[in-house]
file final.txt (compact mmCIF, C-alpha atoms)
# COMPACT_ATOMS: atom_id res chain seq x y z
CA MET H 1 -142.28 -71.89 -77.73
CA ALA H 2 -144.67 -71.24 -74.82
CA LYS H 3 -143.83 -68.19 -72.75
CA MET H 4 -141.77 -69.04 -69.69
CA THR H 5 -143.30 -68.23 -66.31
CA ARG H 6 -142.20 -68.66 -62.72
CA LYS H 7 -145.03 -71.16 -62.25
CA LYS H 8 -143.63 -73.35 -65.04
CA LEU H 9 -140.18 -73.22 -63.49
CA ALA H 10 -141.63 -74.19 -60.11
CA GLU H 11 -143.19 -77.23 -61.76
CA MET H 12 -139.78 -78.18 -63.14
CA ASP H 13 -138.44 -78.02 -59.58
CA ARG H 14 -141.25 -80.28 -58.39
CA VAL H 15 -140.17 -83.10 -60.72
CA ASP H 16 -136.41 -82.43 -60.53
CA PRO H 17 -134.62 -85.71 -59.60
CA LEU H 18 -131.82 -83.68 -57.97
CA ALA H 19 -134.08 -81.47 -55.84
CA SER H 20 -133.39 -83.27 -52.55
CA PHE H 21 -129.67 -82.41 -52.71
CA ARG H 22 -130.41 -78.74 -51.99
CA ASP H 23 -131.24 -79.59 -48.36
CA GLU H 24 -127.73 -80.96 -47.89
CA PHE H 25 -126.16 -77.52 -48.37
CA ASP H 26 -125.91 -74.62 -45.96
CA LEU H 27 -127.24 -71.74 -48.08
CA PRO H 28 -127.75 -68.22 -46.69
CA GLU H 29 -131.39 -67.18 -46.41
CA GLY H 30 -132.48 -64.91 -49.26
CA VAL H 31 -129.31 -65.43 -51.31
CA ILE H 32 -129.24 -66.94 -54.78
CA TYR H 33 -125.75 -68.31 -55.21
CA LEU H 34 -124.55 -68.25 -58.82
CA ASN H 35 -120.85 -68.48 -58.06
CA GLY H 36 -120.42 -72.22 -57.68
CA ASN H 37 -118.14 -72.04 -60.71
CA SER H 38 -115.70 -70.16 -58.48
CA LEU H 39 -116.39 -71.60 -55.01
CA GLY H 40 -119.04 -74.21 -54.31
CA ALA H 41 -121.51 -73.91 -51.44
CA MET H 42 -120.78 -75.69 -48.16
CA PRO H 43 -122.32 -79.11 -47.60
CA ARG H 44 -123.92 -79.14 -44.14
CA ALA H 45 -121.94 -82.23 -43.13
CA ALA H 46 -118.64 -80.42 -43.74
CA ALA H 47 -118.88 -78.52 -40.45
CA ASP H 48 -119.20 -81.73 -38.43
CA ARG H 49 -116.29 -83.26 -40.32
CA ALA H 50 -114.13 -80.22 -39.59
CA ARG H 51 -114.98 -80.41 -35.89
CA ARG H 52 -114.17 -84.10 -35.79
CA VAL H 53 -110.78 -83.59 -37.43
CA VAL H 54 -109.82 -80.66 -35.24
CA GLU H 55 -111.37 -81.59 -31.89
CA HIS H 56 -110.83 -85.35 -31.93
CA GLU H 57 -108.31 -86.51 -34.53
CA TRP H 58 -105.92 -83.60 -33.94
CA ALA H 59 -106.63 -82.56 -30.34
CA LYS H 60 -106.88 -86.08 -28.91
CA GLY H 61 -105.27 -88.36 -31.48
CA LEU H 62 -102.32 -86.05 -32.14
CA ILE H 63 -99.65 -87.58 -34.40
CA GLY H 64 -101.17 -91.01 -33.95
CA SER H 65 -103.98 -89.95 -36.27
CA MET H 66 -101.56 -90.24 -39.18
CA ASN H 67 -102.24 -93.97 -38.79
CA THR H 68 -105.47 -94.33 -36.79
CA ALA H 69 -107.46 -91.71 -38.75
CA GLY H 70 -105.84 -92.51 -42.09
CA TRP H 71 -104.30 -89.07 -42.53
CA TYR H 72 -101.20 -90.36 -44.28
CA GLU H 73 -103.20 -92.16 -46.98
CA LEU H 74 -105.74 -89.40 -47.67
CA PRO H 75 -104.27 -88.22 -51.02
CA SER H 76 -104.55 -91.76 -52.37
CA THR H 77 -107.81 -92.87 -50.74
CA LEU H 78 -109.58 -89.70 -51.84
CA GLY H 79 -107.99 -89.98 -55.27
CA GLN H 80 -109.48 -93.44 -55.61
CA LYS H 81 -112.87 -92.09 -54.60
CA ILE H 82 -112.86 -89.12 -56.94
CA ALA H 83 -111.50 -90.98 -59.97
CA PRO H 84 -114.95 -91.92 -61.40
CA ILE H 85 -115.93 -88.24 -61.49
CA VAL H 86 -113.26 -87.66 -64.15
CA GLY H 87 -113.47 -91.03 -65.89
CA ALA H 88 -110.24 -92.45 -64.49
CA LYS H 89 -109.11 -95.67 -62.83
CA PRO H 90 -108.74 -95.60 -59.03
CA ASN H 91 -104.96 -95.97 -59.29
CA GLU H 92 -104.56 -92.98 -61.62
CA VAL H 93 -105.62 -90.10 -59.37
CA VAL H 94 -104.36 -88.40 -56.22
CA LEU H 95 -105.83 -85.42 -54.39
CA THR H 96 -103.01 -83.02 -53.58
CA ASP H 97 -101.65 -79.47 -53.74
CA SER H 98 -103.29 -76.77 -55.91
CA THR H 99 -104.25 -76.94 -59.57
CA GLY H 100 -101.37 -74.60 -60.46
CA ILE H 101 -98.75 -76.68 -58.69
CA ASN H 102 -100.21 -79.87 -60.14
CA LEU H 103 -100.19 -78.35 -63.62
CA TYR H 104 -96.49 -77.58 -63.17
CA LYS H 105 -95.84 -81.19 -62.17
CA VAL H 106 -97.84 -82.88 -64.91
CA LEU H 107 -96.62 -80.69 -67.77
CA ALA H 108 -93.00 -81.16 -66.70
CA SER H 109 -93.70 -84.91 -66.71
CA ALA H 110 -95.46 -84.79 -70.08
CA LEU H 111 -92.50 -83.01 -71.69
CA GLN H 112 -90.34 -86.00 -70.82
CA ILE H 113 -92.42 -88.12 -73.20
CA ARG H 114 -91.05 -86.11 -76.15
CA PRO H 115 -87.65 -84.78 -74.98
CA ASP H 116 -86.69 -83.97 -78.56
CA ARG H 117 -89.42 -81.32 -78.96
CA ARG H 118 -89.75 -77.80 -77.56
CA VAL H 119 -93.28 -76.48 -78.29
CA VAL H 120 -96.31 -76.44 -75.93
CA VAL H 121 -99.73 -75.53 -77.36
CA MET H 122 -102.08 -73.54 -75.11
CA GLU H 123 -105.10 -71.27 -75.40
CA GLY H 124 -103.90 -67.72 -74.95
CA SER H 125 -107.16 -66.80 -73.24
CA ASN H 126 -106.69 -69.47 -70.56
CA PHE H 127 -107.23 -68.69 -66.92
CA PRO H 128 -104.00 -66.73 -66.41
CA THR H 129 -102.41 -68.99 -63.79
CA ASN H 130 -102.14 -71.75 -66.42
CA ASN H 131 -100.17 -69.48 -68.71
CA TYR H 132 -98.06 -68.16 -65.85
CA MET H 133 -97.20 -71.63 -64.56
CA VAL H 134 -96.21 -72.87 -67.99
CA GLN H 135 -94.24 -69.71 -68.73
CA GLY H 136 -92.33 -70.18 -65.47
CA LEU H 137 -91.67 -73.86 -66.09
CA LEU H 138 -90.40 -73.33 -69.65
CA GLU H 139 -88.19 -70.45 -68.56
CA GLN H 140 -86.61 -72.72 -65.96
CA LEU H 141 -86.14 -75.51 -68.50
CA GLY H 142 -84.59 -73.12 -71.04
CA ASP H 143 -83.14 -74.91 -74.07
CA GLY H 144 -85.51 -73.33 -76.59
CA TYR H 145 -88.89 -74.23 -75.07
CA THR H 146 -91.74 -72.01 -76.32
CA ILE H 147 -95.52 -71.71 -76.07
CA ARG H 148 -97.63 -71.62 -79.21
CA TYR H 149 -100.85 -69.82 -78.31
CA ALA H 150 -104.04 -70.63 -80.16
CA GLU H 151 -107.77 -70.20 -79.59
CA ALA H 152 -110.66 -72.63 -79.88
CA GLU H 153 -111.17 -72.18 -83.60
CA ASN H 154 -107.55 -72.94 -84.55
CA ILE H 155 -106.20 -75.27 -81.86
CA LEU H 156 -106.20 -78.31 -84.13
CA ASP H 157 -104.21 -76.41 -86.77
CA ALA H 158 -101.66 -75.37 -84.14
CA ILE H 159 -100.83 -78.97 -83.23
CA ASP H 160 -98.18 -80.21 -85.64
CA ASP H 161 -95.17 -82.49 -85.50
CA ASP H 162 -92.94 -80.08 -83.58
CA VAL H 163 -95.27 -80.06 -80.56
CA ALA H 164 -94.14 -81.82 -77.38
CA ALA H 165 -97.39 -81.38 -75.46
CA ILE H 166 -100.72 -79.62 -75.49
CA CYS H 167 -101.96 -77.98 -72.28
CA ILE H 168 -105.64 -77.23 -72.81
CA THR H 169 -108.63 -76.27 -70.64
CA HIS H 170 -111.78 -78.35 -71.16
CA VAL H 171 -114.30 -75.58 -70.38
CA HIS H 172 -113.24 -71.96 -70.79
CA TYR H 173 -113.35 -70.01 -67.54
CA LYS H 174 -114.88 -66.87 -69.09
CA THR H 175 -117.10 -68.06 -71.90
CA GLY H 176 -117.98 -71.57 -70.78
CA ASN H 177 -117.06 -72.88 -74.24
CA ILE H 178 -116.42 -76.64 -74.24
CA LEU H 179 -113.51 -77.96 -76.26
CA ASP H 180 -113.63 -81.40 -77.86
CA MET H 181 -111.33 -83.40 -75.60
CA ALA H 182 -111.39 -86.54 -77.72
CA ALA H 183 -110.66 -84.81 -81.04
CA ILE H 184 -107.92 -82.55 -79.68
CA THR H 185 -106.25 -85.41 -77.80
CA ASP H 186 -106.42 -87.59 -80.91
CA ARG H 187 -104.74 -84.83 -82.90
CA ALA H 188 -101.98 -84.48 -80.31
CA HIS H 189 -101.31 -88.22 -80.31
CA ALA H 190 -101.39 -88.37 -84.10
CA VAL H 191 -98.36 -86.06 -84.21
CA GLY H 192 -96.65 -87.73 -81.25
CA ALA H 193 -97.45 -85.11 -78.59
CA ALA H 194 -98.70 -85.64 -75.03
CA ALA H 195 -102.13 -84.35 -73.96
CA VAL H 196 -102.56 -82.43 -70.69
CA TRP H 197 -106.04 -81.18 -69.75
CA ASP H 198 -107.37 -78.74 -67.14
CA LEU H 199 -110.83 -79.80 -65.91
CA CYS H 200 -111.47 -77.00 -63.40
CA HIS H 201 -114.76 -75.92 -64.98
CA SER H 202 -116.00 -79.35 -66.03
CA ALA H 203 -115.23 -81.77 -63.17
CA GLY H 204 -118.44 -82.23 -61.21
CA ALA H 205 -120.55 -80.24 -63.68
CA MET H 206 -120.61 -82.64 -66.62
CA PRO H 207 -119.39 -86.12 -67.59
CA VAL H 208 -115.62 -86.23 -68.08
CA GLU H 209 -113.99 -89.31 -69.63
CA LEU H 210 -110.20 -89.05 -69.37
CA ASN H 211 -109.50 -92.68 -70.19
CA ALA H 212 -112.10 -92.88 -72.95
CA CYS H 213 -110.36 -89.88 -74.54
CA ASN H 214 -106.91 -91.43 -73.94
CA VAL H 215 -105.66 -88.34 -72.05
CA ASP H 216 -102.11 -88.51 -70.67
CA PHE H 217 -102.30 -86.12 -67.71
CA ALA H 218 -104.95 -83.87 -66.18
CA VAL H 219 -105.62 -81.53 -63.27
CA ALA H 220 -108.81 -80.16 -61.74
CA CYS H 221 -109.82 -78.14 -58.71
CA THR H 222 -112.33 -79.55 -56.22
CA TYR H 223 -113.63 -76.34 -54.66
CA LYS H 224 -116.01 -75.45 -57.50
CA TYR H 225 -118.67 -77.96 -58.54
CA ILE H 226 -117.45 -80.74 -56.21
CA ASN H 227 -117.93 -78.46 -53.19
CA CYS H 228 -114.86 -79.51 -51.21
CA GLY H 229 -114.15 -76.14 -49.58
CA PRO H 230 -112.08 -73.00 -50.25
CA GLY H 231 -108.60 -73.87 -51.51
CA SER H 232 -109.29 -77.58 -51.20
CA PRO H 233 -106.60 -79.88 -52.67
CA ALA H 234 -106.78 -80.52 -56.39
CA ILE H 235 -107.15 -83.56 -58.61
CA LEU H 236 -104.03 -84.84 -60.35
CA PHE H 237 -104.41 -87.56 -62.98
CA ALA H 238 -101.62 -89.50 -64.67
CA ALA H 239 -102.55 -92.34 -67.02
CA GLU H 240 -101.38 -95.72 -65.76
CA ARG H 241 -99.37 -96.34 -68.93
CA HIS H 242 -96.99 -93.55 -67.89
CA HIS H 243 -96.38 -94.58 -64.29
CA GLY H 244 -92.71 -95.00 -63.50
CA LYS H 245 -91.60 -93.60 -66.87
CA PHE H 246 -91.01 -89.99 -65.85
CA GLU H 247 -89.84 -88.00 -62.84
CA GLN H 248 -91.94 -85.06 -61.77
CA PRO H 249 -89.88 -82.04 -60.68
CA LEU H 250 -91.18 -81.41 -57.15
CA THR H 251 -89.69 -84.52 -55.62
CA GLY H 252 -90.66 -84.76 -51.97
CA TRP H 253 -90.83 -87.38 -49.28
CA TYR H 254 -94.46 -88.33 -49.98
CA GLY H 255 -93.40 -89.51 -53.44
CA HIS H 256 -90.44 -91.60 -52.25
CA LYS H 257 -90.68 -95.37 -52.59
CA ALA H 258 -89.91 -95.82 -48.86
CA PRO H 259 -90.46 -92.46 -47.12
CA PHE H 260 -89.98 -93.80 -43.62
CA ASN H 261 -86.58 -95.27 -44.40
CA PHE H 262 -85.35 -91.65 -44.44
CA GLU H 263 -82.80 -92.28 -47.17
CA ARG H 264 -80.59 -89.44 -48.35
CA ASP H 265 -81.40 -89.73 -52.04
CA TYR H 266 -84.73 -89.60 -53.81
CA VAL H 267 -86.05 -92.78 -55.38
CA PRO H 268 -89.63 -92.44 -56.67
CA VAL H 269 -92.41 -94.89 -56.03
CA LYS H 270 -93.50 -96.28 -59.39
CA ASP H 271 -97.22 -95.46 -59.22
CA ILE H 272 -99.50 -92.42 -59.00
CA ARG H 273 -98.07 -91.54 -55.57
CA GLN H 274 -94.93 -90.38 -57.38
CA MET H 275 -96.91 -87.21 -58.13
CA LEU H 276 -97.05 -86.33 -54.42
CA SER H 277 -94.49 -83.96 -52.95
CA GLY H 278 -94.53 -82.81 -49.33
CA THR H 279 -96.73 -83.20 -46.26
CA GLN H 280 -100.39 -82.86 -47.14
CA PRO H 281 -103.07 -80.35 -45.90
CA THR H 282 -104.88 -82.85 -43.70
CA VAL H 283 -107.80 -80.72 -42.52
CA SER H 284 -108.67 -79.62 -46.07
CA LEU H 285 -108.35 -83.16 -47.38
CA SER H 286 -110.60 -84.52 -44.66
CA ILE H 287 -113.32 -81.94 -45.32
CA ALA H 288 -113.04 -82.54 -49.07
CA GLU H 289 -114.34 -86.07 -48.62
CA ILE H 290 -117.79 -84.70 -47.77
CA GLY H 291 -118.17 -82.97 -51.12
CA ILE H 292 -116.77 -85.97 -52.97
CA ASP H 293 -119.17 -88.40 -51.29
CA LEU H 294 -122.11 -86.12 -52.00
CA MET H 295 -121.14 -85.79 -55.66
CA LEU H 296 -120.75 -89.56 -56.04
CA ARG H 297 -124.35 -90.05 -54.90
CA ALA H 298 -125.66 -87.84 -57.68
CA ASP H 299 -126.16 -88.90 -61.29
CA ILE H 300 -123.69 -86.86 -63.35
CA ASN H 301 -125.93 -87.17 -66.41
CA GLU H 302 -128.83 -85.66 -64.47
CA ILE H 303 -126.50 -82.89 -63.31
CA ARG H 304 -125.57 -82.15 -66.91
CA ARG H 305 -129.19 -82.23 -68.12
CA LYS H 306 -130.29 -79.80 -65.41
CA SER H 307 -127.30 -77.53 -66.05
CA MET H 308 -128.12 -77.31 -69.74
CA ARG H 309 -131.78 -76.58 -69.11
CA MET H 310 -131.11 -73.97 -66.42
CA THR H 311 -128.63 -72.07 -68.55
CA GLU H 312 -131.02 -72.21 -71.52
CA CYS H 313 -133.79 -70.72 -69.38
CA PHE H 314 -131.48 -68.05 -68.03
CA ILE H 315 -130.30 -66.90 -71.45
CA GLU H 316 -133.88 -66.82 -72.73
CA LEU H 317 -135.11 -64.75 -69.78
CA VAL H 318 -132.21 -62.28 -69.80
CA GLU H 319 -132.64 -61.67 -73.52
CA GLU H 320 -136.41 -61.36 -73.18
CA ARG H 321 -136.65 -59.23 -70.02
CA CYS H 322 -133.39 -57.23 -70.13
CA ARG H 323 -133.14 -56.77 -73.88
CA GLU H 324 -132.99 -52.98 -73.80
CA PHE H 325 -130.01 -52.85 -71.43
CA GLY H 326 -127.37 -53.98 -73.89
CA PHE H 327 -126.30 -57.39 -72.58
CA GLU H 328 -124.38 -59.36 -75.20
CA LEU H 329 -124.16 -63.15 -74.84
CA VAL H 330 -120.52 -64.29 -74.69
CA SER H 331 -121.13 -67.99 -73.97
CA PRO H 332 -122.06 -70.43 -76.74
CA ARG H 333 -125.79 -70.35 -77.44
CA ASP H 334 -125.85 -74.10 -78.06
CA SER H 335 -126.08 -75.72 -74.61
CA ALA H 336 -124.20 -78.79 -75.87
CA LYS H 337 -121.18 -76.54 -76.39
CA ARG H 338 -121.55 -74.65 -73.10
CA GLY H 339 -120.41 -75.60 -69.62
CA SER H 340 -122.41 -74.84 -66.49
CA GLN H 341 -122.02 -71.06 -66.66
CA VAL H 342 -123.27 -68.15 -68.72
CA SER H 343 -121.34 -64.95 -69.43
CA PHE H 344 -122.77 -61.73 -70.79
CA PHE H 345 -120.66 -58.81 -71.90
CA LYS H 346 -121.60 -55.42 -70.47
CA GLU H 347 -119.13 -52.57 -70.44
CA ASP H 348 -120.41 -51.48 -67.02
CA GLY H 349 -120.49 -55.05 -65.78
CA TYR H 350 -118.55 -54.63 -62.56
CA PRO H 351 -120.87 -52.21 -60.72
CA ILE H 352 -123.85 -54.29 -61.85
CA VAL H 353 -122.30 -57.36 -60.22
CA ARG H 354 -121.69 -55.36 -57.04
CA ALA H 355 -125.30 -54.18 -57.01
CA LEU H 356 -126.56 -57.72 -57.56
CA HIS H 357 -124.64 -58.83 -54.47
CA ASP H 358 -126.51 -56.25 -52.42
CA HIS H 359 -129.75 -57.64 -53.82
CA GLY H 360 -128.99 -61.21 -52.80
CA VAL H 361 -127.52 -62.51 -56.06
CA VAL H 362 -123.91 -63.71 -55.88
CA CYS H 363 -122.19 -63.88 -59.26
CA ASP H 364 -118.84 -62.52 -60.43
CA TYR H 365 -117.04 -60.33 -62.93
CA ARG H 366 -114.16 -61.23 -65.20
CA ALA H 367 -112.42 -58.35 -66.93
CA PRO H 368 -112.96 -56.92 -69.37
CA GLY H 369 -116.75 -56.67 -69.17
CA ASN H 370 -117.79 -60.27 -68.49
CA VAL H 371 -120.66 -60.70 -66.05
CA ARG H 372 -120.46 -64.40 -65.18
CA PHE H 373 -123.21 -66.58 -63.70
CA GLY H 374 -122.42 -70.12 -62.55
CA PHE H 375 -125.14 -72.76 -62.23
CA ALA H 376 -124.54 -75.57 -59.73
CA PRO H 377 -127.42 -78.02 -60.25
CA LEU H 378 -127.15 -79.76 -56.89
CA TYR H 379 -128.34 -76.76 -54.90
CA LEU H 380 -129.93 -74.34 -57.38
CA ARG H 381 -133.62 -74.38 -58.28
CA TYR H 382 -135.27 -73.46 -61.55
CA VAL H 383 -137.23 -70.70 -59.79
CA ASP H 384 -133.88 -69.18 -58.82
CA VAL H 385 -133.33 -68.50 -62.52
CA TRP H 386 -136.53 -66.44 -62.66
CA ASP H 387 -135.78 -64.60 -59.44
CA VAL H 388 -132.25 -63.67 -60.54
CA VAL H 389 -133.54 -62.10 -63.73
CA ASP H 390 -136.22 -60.29 -61.70
CA ARG H 391 -133.56 -58.73 -59.48
CA LEU H 392 -131.28 -57.98 -62.41
CA ARG H 393 -134.06 -56.13 -64.23
CA ASP H 394 -134.93 -54.17 -61.10
CA ILE H 395 -131.31 -53.01 -60.72
CA LEU H 396 -131.03 -52.05 -64.37
CA SER H 397 -134.41 -50.31 -64.52
CA SER H 398 -133.83 -48.29 -61.37
CA GLY H 399 -130.23 -47.42 -62.24
CA SER H 400 -129.23 -48.32 -58.69
CA TRP H 401 -126.04 -49.95 -59.97
CA GLN H 402 -124.77 -46.45 -60.80
CA GLY H 403 -124.38 -45.64 -57.10
CA ALA H 404 -120.94 -44.45 -56.07
CA LYS H 405 -120.25 -47.40 -53.77
CA TYR H 406 -120.63 -49.85 -56.64
CA GLN H 407 -117.95 -48.15 -58.74
CA VAL H 408 -115.16 -48.97 -56.27
CA ARG H 409 -113.29 -52.10 -57.33
CA SER H 410 -112.78 -54.77 -54.64
CA ALA H 411 -109.63 -56.87 -54.54
CA VAL H 412 -111.60 -59.97 -55.59
CA THR H 413 -114.11 -59.42 -58.39
call {"tool": "encode", "arguments": {"input": "final.txt", "output": "structure tokens"}}
result
Amino acid sequence: MAKMTRKKLAEMDRVDPLASFRDEFDLPEGVIYLNGNSLGAMPRAAADRARRVVEHEWAKGLIGSMNTAGWYELPSTLGQKIAPIVGAKPNEVVLTDSTGINLYKVLASALQIRPDRRVVVMEGSNFPTNNYMVQGLLEQLGDGYTIRYAEAENILDAIDDDVAAICITHVHYKTGNILDMAAITDRAHAVGAAAVWDLCHSAGAMPVELNACNVDFAVACTYKYINCGPGSPAILFAAERHHGKFEQPLTGWYGHKAPFNFERDYVPVKDIRQMLSGTQPTVSLSIAEIGIDLMLRADINEIRRKSMRMTECFIELVEERCREFGFELVSPRDSAKRGSQVSFFKEDGYPIVRALHDHGVVCDYRAPGNVRFGFAPLYLRYVDVWDVVDRLRDILSSGSWQGAKYQVRSAVT
């Protein structure tokens, strides 16, 4: 293989079919942002949308904007828009609440499909909120419900005929390892279990085909690769075949069949809107539409191709130019098995991440020892890959990361 150079990477940028999208983001001068797997960059148009919502729809339209600006319908209209990004039908998705709350709702619903069973299969190394939410739900349900923890290599073996539901993450938040959604879902259905998937690290970064994989329920955040803003409402998917056949536990007025009749007792609407609970975060929903529209204009297959190539280049350069500093690849080496992020293990990873921030590289740290770099193809360039490794080598060679200020742990790592 020919030696990689910055000039060759610049040529890749010149012919990149996604290159023009970078201009649509507000990126700080001199900063290389490799944290889009935690919070996506801000689309420039988001600021104008926020001003319009606050200064016109709210300030001047007041409550009338529930009708005139379409506030009331936003969870459904945006759900219809975002559905193709996860391979769903328009009537199977709403945008609402947080991923954790949505996970609570969909798993509680999924367990109603097999009320005679008491086991939920999960990866023990999940992003912790998934485990916490499921632990809390099962404790509330009581009656013998348990979690069977497994890891990637033995998930299929863990799914047997006592399982009520699986609750699995598509792309692992630390390693970037991709699980086979189709095969795992098929296994769940073969034993009569429901399949619930978390798409937080795959939605917007790679093709996702919920219906092609026959998934029952799914959740995903929108503030990572879809760039909808900090804490933006999450995706909730429920397959059409299940509509009206379960009752999600957080029954609120938005999910009532006739919310403005103000009836005493809850009667659910028999479609995806049943998954809605209370009044929605209108400003966040409105801003989210900017990121969704931008994502829909891009070719998801081009996004995936660029992601795979960028992460390949990054791994090659780190291992070539920082070999002597003891970085150990945690992510799968095969790009077909890796999401849009790369993690290296380094025992002193946290102060290195802090030092990188001071040198204009934003990445993050996930204990214990994972230095995590996220690659968002819509606004990152191939030359950024070279420049990041340049700065990383400088920090390691100089030992500047050993400075006292970098040893102090911040609240958010």
call {"tool": "closest_residue", "arguments": {"input": "final.txt", "among": "H:Ala238, H:Leu380, H:Val330, H:Ile287", "to": "Ala50 in chain H", "atoms": "all atoms listed in the file"}}
result
H:Ile287
call {"tool": "residues_near_point", "arguments": {"input": "final.txt", "point": "(-132.0, -78.8, -64.3)", "cutoff": "12 Å", "atoms": "only C-alpha atoms", "output": "PyMOL selection string"}}
result
chain H and resi 9-19+205+300-314+340+375-385
call {"tool": "closest_residue", "arguments": {"input": "final.txt", "among": "H:Leu156, H:Ile166, H:Leu356, H:Cys228", "to": "Leu78 in chain H", "atoms": "only C-alpha atoms"}}
result
H:Cys228
call {"tool": "atom_distance", "arguments": {"input": "final.txt", "atom1": "CA of Arg393 in chain H", "atom2": "CA of Glu324 in chain H"}}
result
10.1 Å
call {"tool": "closest_residue", "arguments": {"input": "final.txt", "among": "H:Gly403, H:Gly79, H:Gly204, H:Gly142", "to": "Leu296 in chain H", "atoms": "all atoms listed in the file"}}
result
H:Gly204
call {"tool": "closest_residue", "arguments": {"input": "final.txt", "among": "H:Val388, H:Gly278, H:Leu39, H:Ser286", "to": "Arg51 in chain H", "atoms": "only C-alpha atoms"}}
result
H:Ser286
call {"tool": "atom_distance", "arguments": {"input": "final.txt", "atom1": "CA of Tyr254 in chain H", "atom2": "CA of Asn91 in chain H"}}
result
16.0 Å
call {"tool": "closest_residue", "arguments": {"input": "final.txt", "among": "H:Val353, H:Val318, H:Ala194, H:Val371", "to": "Val408 in chain H", "atoms": "all atoms listed in the file"}}
result
H:Val353
call {"tool": "atom_distance", "arguments": {"input": "final.txt", "atom1": "CA of Ala188 in chain H", "atom2": "CA of His242 in chain H"}}
result
16.2 Å
call {"tool": "closest_residue", "arguments": {"input": "final.txt", "among": "H:Arg118, H:Ile113, H:Phe127, H:Met295", "to": "Glu139 in chain H", "atoms": "only C-alpha atoms"}}
result
H:Arg118
call {"tool": "residues_around", "arguments": {"input": "final.txt", "residues": "Gly40 in chain H", "least_positions_apart": "4", "cutoff": "6 Å", "atoms": "only C-alpha atoms", "output": "list in words"}}
result
Gly36, Tyr223, Lys224, Tyr225 and Asn227 of chain H
call {"tool": "residues_around", "arguments": {"input": "final.txt", "residues": "Pro249 in chain H", "least_positions_apart": "4", "cutoff": "10 Å", "atoms": "all atoms listed in the file", "output": "ChimeraX atom specification"}}
result
/H:104-109,137,275,277
call {"tool": "residues_near_point", "arguments": {"input": "final.txt", "point": "(-117.9, -88.5, -73.8)", "cutoff": "12 Å", "atoms": "all atoms listed in the file", "output": "VMD selection string"}}
result
chain H and resid 86 to 87 178 to 183 206 to 214 301 336
call {"tool": "decode", "arguments": {"input": "final.txt", "residues": "range 364-394 of chain H", "atoms": "C-alpha atoms", "output": "mmCIF file, in the first residue's frame"}}
result
data_model
loop_
_atom_site.group_PDB
_atom_site.id
_atom_site.type_symbol
_atom_site.label_atom_id
_atom_site.label_comp_id
_atom_site.auth_asym_id
_atom_site.auth_seq_id
_atom_site.Cartn_x
_atom_site.Cartn_y
_atom_site.Cartn_z
ATOM 1 C CA ASP H 364 -13.848 12.225 24.398
ATOM 2 C CA TYR H 365 -12.934 9.657 27.005
ATOM 3 C CA ARG H 366 -14.937 6.668 28.177
ATOM 4 C CA ALA H 367 -13.698 4.939 31.300
ATOM 5 C CA PRO H 368 -11.725 2.882 31.741
ATOM 6 C CA GLY H 369 -9.030 4.003 29.316
ATOM 7 C CA ASN H 370 -10.969 4.479 26.069
ATOM 8 C CA VAL H 371 -9.941 7.463 23.968
ATOM 9 C CA ARG H 372 -12.843 7.808 21.543
ATOM 10 C CA PHE H 373 -12.846 9.625 18.190
ATOM 11 C CA GLY H 374 -16.116 10.122 16.297
ATOM 12 C CA PHE H 375 -16.175 10.760 12.552
ATOM 13 C CA ALA H 376 -19.147 12.687 11.168
ATOM 14 C CA PRO H 377 -18.742 12.577 7.375
ATOM 15 C CA LEU H 378 -20.983 15.549 6.592
ATOM 16 C CA TYR H 379 -18.602 18.104 8.070
ATOM 17 C CA LEU H 380 -15.234 16.382 8.494
ATOM 18 C CA ARG H 381 -12.525 16.388 5.832
ATOM 19 C CA TYR H 382 -9.947 13.741 5.076
ATOM 20 C CA VAL H 383 -7.155 16.232 5.828
ATOM 21 C CA ASP H 384 -8.625 16.554 9.324
ATOM 22 C CA VAL H 385 -7.595 12.943 9.892
ATOM 23 C CA TRP H 386 -3.970 13.808 9.124
ATOM 24 C CA ASP H 387 -4.027 16.961 11.234
ATOM 25 C CA VAL H 388 -5.505 15.171 14.252
ATOM 26 C CA VAL H 389 -2.744 12.592 14.224
ATOM 27 C CA ASP H 390 -0.188 15.402 13.819
ATOM 28 C CA ARG H 391 -1.482 17.092 16.966
ATOM 29 C CA LEU H 392 -1.776 13.816 18.842
ATOM 30 C CA ARG H 393 1.847 12.947 18.083
ATOM 31 C CA ASP H 394 2.998 16.406 19.145
#
